[in-house]
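Pasted below: work.txt, compact mmCIF, C-alpha atoms.
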```txt
# COMPACT_ATOMS: atom_id res chain seq x y z
CA MET A 1483 48.37 -25.35 -56.20
CA LYS A 1484 46.60 -28.26 -54.75
CA ILE A 1485 43.02 -27.86 -53.45
CA ASN A 1486 41.79 -30.29 -50.91
CA ASN A 1487 38.30 -31.43 -51.41
CA LEU A 1488 37.22 -31.67 -47.85
CA LYS A 1489 33.71 -32.62 -47.24
CA MET A 1490 32.33 -30.95 -44.16
CA LYS A 1491 29.65 -32.62 -42.22
CA SER A 1492 26.66 -30.41 -41.64
CA GLU A 1493 26.39 -29.43 -37.97
CA TYR A 1494 22.74 -28.59 -38.26
CA ASP A 1495 20.60 -31.07 -36.35
CA LEU A 1496 16.91 -30.56 -37.02
CA LYS A 1497 15.81 -32.67 -34.07
CA ARG A 1498 18.04 -30.75 -31.66
CA HIS A 1499 16.83 -27.45 -33.10
CA GLN A 1500 13.20 -28.45 -32.51
CA GLU A 1501 13.99 -29.48 -28.93
CA LEU A 1502 15.61 -26.11 -28.26
CA GLN A 1503 12.66 -24.24 -29.78
CA THR A 1504 10.26 -26.22 -27.58
CA GLY A 1505 12.40 -25.39 -24.55
CA LYS A 1506 12.40 -21.68 -25.47
CA GLU A 1507 8.62 -21.68 -25.81
CA GLN A 1508 8.19 -23.41 -22.45
CA PHE A 1509 10.54 -20.90 -20.83
CA LYS A 1510 8.60 -17.97 -22.36
CA GLU A 1511 5.35 -19.43 -21.02
CA PHE A 1512 6.95 -19.85 -17.59
CA LEU A 1513 8.14 -16.23 -17.57
CA GLN A 1514 4.72 -14.98 -18.65
CA ALA A 1515 2.99 -16.99 -15.92
CA THR A 1516 5.45 -15.67 -13.33
CA ARG A 1517 4.92 -12.07 -14.45
CA THR A 1518 1.14 -12.50 -14.41
CA SER A 1519 1.24 -14.05 -10.94
CA HIS A 1520 3.52 -11.31 -9.61
CA THR A 1521 1.45 -8.54 -11.19
CA SER A 1522 -1.82 -9.92 -9.83
CA SER A 1523 -0.36 -10.29 -6.33
CA ILE A 1524 0.71 -6.63 -6.44
CA ALA A 1525 -2.68 -5.60 -7.78
CA ASN A 1526 -4.46 -7.56 -5.05
CA ARG A 1527 -2.38 -5.98 -2.30
CA THR A 1528 -4.93 -3.87 -0.46
CA LYS A 1529 -3.94 -0.29 0.23
CA ILE A 1530 -5.75 1.79 2.80
CA ARG A 1531 -5.52 5.36 4.02
CA VAL A 1532 -5.14 6.29 7.64
CA ALA A 1533 -5.29 9.77 9.19
CA VAL A 1534 -2.86 10.56 12.01
CA ALA A 1535 -3.04 13.33 14.61
CA SER A 1536 0.53 14.26 15.50
CA LYS A 1537 2.34 17.15 17.16
CA GLY A 1538 5.49 15.97 15.41
CA GLY A 1539 8.40 13.77 16.29
CA GLY A 1540 7.02 10.90 14.21
CA LEU A 1541 4.52 10.01 16.96
CA VAL A 1542 0.78 9.56 17.27
CA ASN A 1543 0.64 12.08 20.11
CA GLN A 1544 -2.21 14.53 19.62
CA HIS A 1545 -5.78 14.67 20.88
CA PHE A 1546 -8.34 14.54 18.05
CA GLY A 1547 -9.97 17.80 19.14
CA HIS A 1548 -6.68 19.72 19.19
CA ALA A 1549 -5.44 18.66 15.75
CA LYS A 1550 -4.85 21.50 13.28
CA GLU A 1551 -3.97 19.01 10.57
CA PHE A 1552 -3.97 15.28 9.91
CA GLU A 1553 -1.15 13.42 8.23
CA ILE A 1554 -2.57 10.95 5.71
CA TYR A 1555 -0.71 7.66 5.37
CA GLU A 1556 -1.14 5.14 2.58
CA VAL A 1557 -0.54 1.68 4.01
CA ASP A 1558 -0.16 -1.82 2.58
CA CYS A 1559 1.35 -5.02 3.87
CA GLU A 1560 4.89 -3.78 3.28
CA GLN A 1561 5.00 -0.07 4.05
CA ALA A 1562 3.37 3.04 5.41
CA ARG A 1563 4.12 6.34 3.76
CA CYS A 1564 2.81 9.83 4.33
CA ILE A 1565 1.10 11.03 1.17
CA ASP A 1566 -0.71 14.18 2.34
CA ARG A 1567 -1.26 16.68 5.13
CA ARG A 1568 -4.78 18.02 5.50
CA PRO A 1569 -5.39 21.15 7.54
CA VAL A 1570 -8.54 21.34 9.67
CA THR A 1571 -10.07 23.72 12.17
CA PRO A 1572 -9.56 22.19 15.63
CA TYR A 1573 -12.72 20.57 16.97
CA CYS A 1574 -12.21 21.56 20.62
CA GLN A 1575 -13.16 25.17 21.19
CA GLY A 1576 -12.36 25.80 24.86
CA GLY A 1577 -13.90 22.66 26.33
CA TYR A 1578 -16.72 22.08 23.86
CA GLY A 1579 -16.96 20.96 20.27
CA GLU A 1580 -18.55 22.60 17.28
CA ALA A 1581 -20.87 20.34 15.29
CA GLU A 1582 -20.12 22.13 12.01
CA VAL A 1583 -16.36 21.83 12.61
CA LEU A 1584 -16.72 18.10 13.28
CA ASP A 1585 -18.71 17.66 10.07
CA ASN A 1586 -15.93 19.40 8.12
CA ILE A 1587 -13.25 17.20 9.72
CA ILE A 1588 -15.21 14.05 8.91
CA GLN A 1589 -15.61 15.24 5.31
CA THR A 1590 -11.86 15.91 5.15
CA LEU A 1591 -11.11 12.35 6.34
CA CYS A 1592 -13.89 10.54 4.46
CA ASP A 1593 -11.47 8.53 2.27
CA CYS A 1594 -9.62 7.15 5.32
CA GLN A 1595 -10.35 3.82 7.00
CA ALA A 1596 -9.09 5.03 10.39
CA VAL A 1597 -7.98 8.00 12.42
CA LEU A 1598 -5.11 7.48 14.88
CA VAL A 1599 -5.04 9.83 17.87
CA SER A 1600 -3.71 9.99 21.42
CA LYS A 1601 -7.27 10.60 22.70
CA ILE A 1602 -10.74 11.24 21.27
CA GLY A 1603 -14.05 12.18 22.84
CA THR A 1604 -17.17 10.04 22.69
CA CYS A 1605 -19.15 12.28 20.32
CA PRO A 1606 -16.53 12.57 17.55
CA LYS A 1607 -15.66 8.88 17.96
CA GLU A 1608 -19.28 7.81 17.44
CA GLN A 1609 -19.77 10.11 14.45
CA LEU A 1610 -16.55 8.94 12.78
CA GLN A 1611 -17.51 5.30 13.34
CA ALA A 1612 -20.96 5.98 11.90
CA LYS A 1613 -19.17 7.07 8.69
CA GLY A 1614 -17.07 3.89 8.68
CA ILE A 1615 -13.88 5.45 10.05
CA GLU A 1616 -12.26 3.47 12.87
CA CYS A 1617 -10.83 5.42 15.81
CA VAL A 1618 -7.61 4.16 17.34
CA GLU A 1619 -6.16 5.66 20.50
CA ALA A 1620 -2.42 5.18 20.83
CA TYR A 1621 0.78 6.90 21.82
CA ASP A 1622 3.60 5.41 19.79
CA VAL A 1623 5.70 5.78 16.63
CA ILE A 1624 3.38 6.46 13.70
CA GLU A 1625 4.67 3.60 11.51
CA ASN A 1626 4.19 1.09 14.35
CA VAL A 1627 0.59 2.13 14.98
CA VAL A 1628 -0.27 2.39 11.29
CA LEU A 1629 1.16 -1.03 10.44
CA ASP A 1630 -0.45 -2.61 13.55
CA PHE A 1631 -3.80 -1.17 12.51
CA TYR A 1632 -3.32 -2.45 8.96
CA GLU A 1633 -2.63 -5.95 10.25
CA GLN A 1634 -5.82 -5.87 12.35
CA TYR A 1635 -7.79 -4.38 9.45
CA GLN A 1636 -6.72 -7.22 7.15
CA MET A 1637 -7.91 -9.81 9.68
CA VAL A 1638 -11.49 -8.51 9.68
```
As structure tokens, the full file:
Amino acid sequence: MKINNLKMKSEYDLKRHQELQTGKEQFKEFLQATRTSHTSSIANRTKIRVAVASKGGGLVNQHFGHAKEFEIYEVDCEQARCIDRRPVTPYCQGGYGEAEVLDNIIQTLCDCQAVLVSKIGTCPKEQLQAKGIECVEAYDVIENVVLDFYEQYQMV
């Protein structure tokens, strides 16, 4: 039996290996920078809460004083989603408002930046604004009003 003594040339190229390693490291750094940038842009995306007075149908269509509950929406630049429903005693009591009831409603909505209603009286509007809660009168689809308010809020 004859054995061929073949000499194989080594395929290992140290210089090429080092170039590939450098490329891998640069790619890892690029990915890390991209992840960090993406994560910080998500973290910096401001979210706000908005209370909505609605009789249903996906509309802002209820007077502030008649609301038995407020739908709480969490809003950012991309979406508005209902995260809570908060029951309240209606402020209007046959043509007049109860100061204690209004105080309770304001306390219920204190973590919201705005309240969206079809109408609101002067007294509750002033008291809400004094607590830093904007009052927006509208009659439209909730998501439209919420996202429009968010856009205006971001501009301030």
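Picture a line from CA of Val1618 (chain A) to CA of Glu1560 (chain A); it runs 20.4 Å.
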- Closest of A:Asn1543, A:Pro1569, A:Tyr1578, A:Met1637 to Leu1598 (chain A) - atom-to-atom distances counting only C-alpha atoms: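 Of all the options, A:Asn1543 lies closest to Leu1598 (chain A).
Residue nearest Cys1564 (chain A), chosen from A:Glu1582, A:Ala1533, A:Lys1550, A:Leu1496 and counting all atoms listed in the file: A:Ala1533.
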- Query: So how far away is CA of Arg1567 (chain A) from CA of Tyr1635 (chain A), in Å?
  - Reply: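 CA of Arg1567 (chain A) lies 22.5 Å from CA of Tyr1635 (chain A).
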- Message: Report as a PyMOL selection string all protein, DNA and RNA residues lying within 12 Å of Val1570 (chain A), evaluated on only C-alpha atoms, omitting residues in the same chain fewer than 5 positions from it.
- Response: chain A and resi 1535+1546-1553+1582-1591
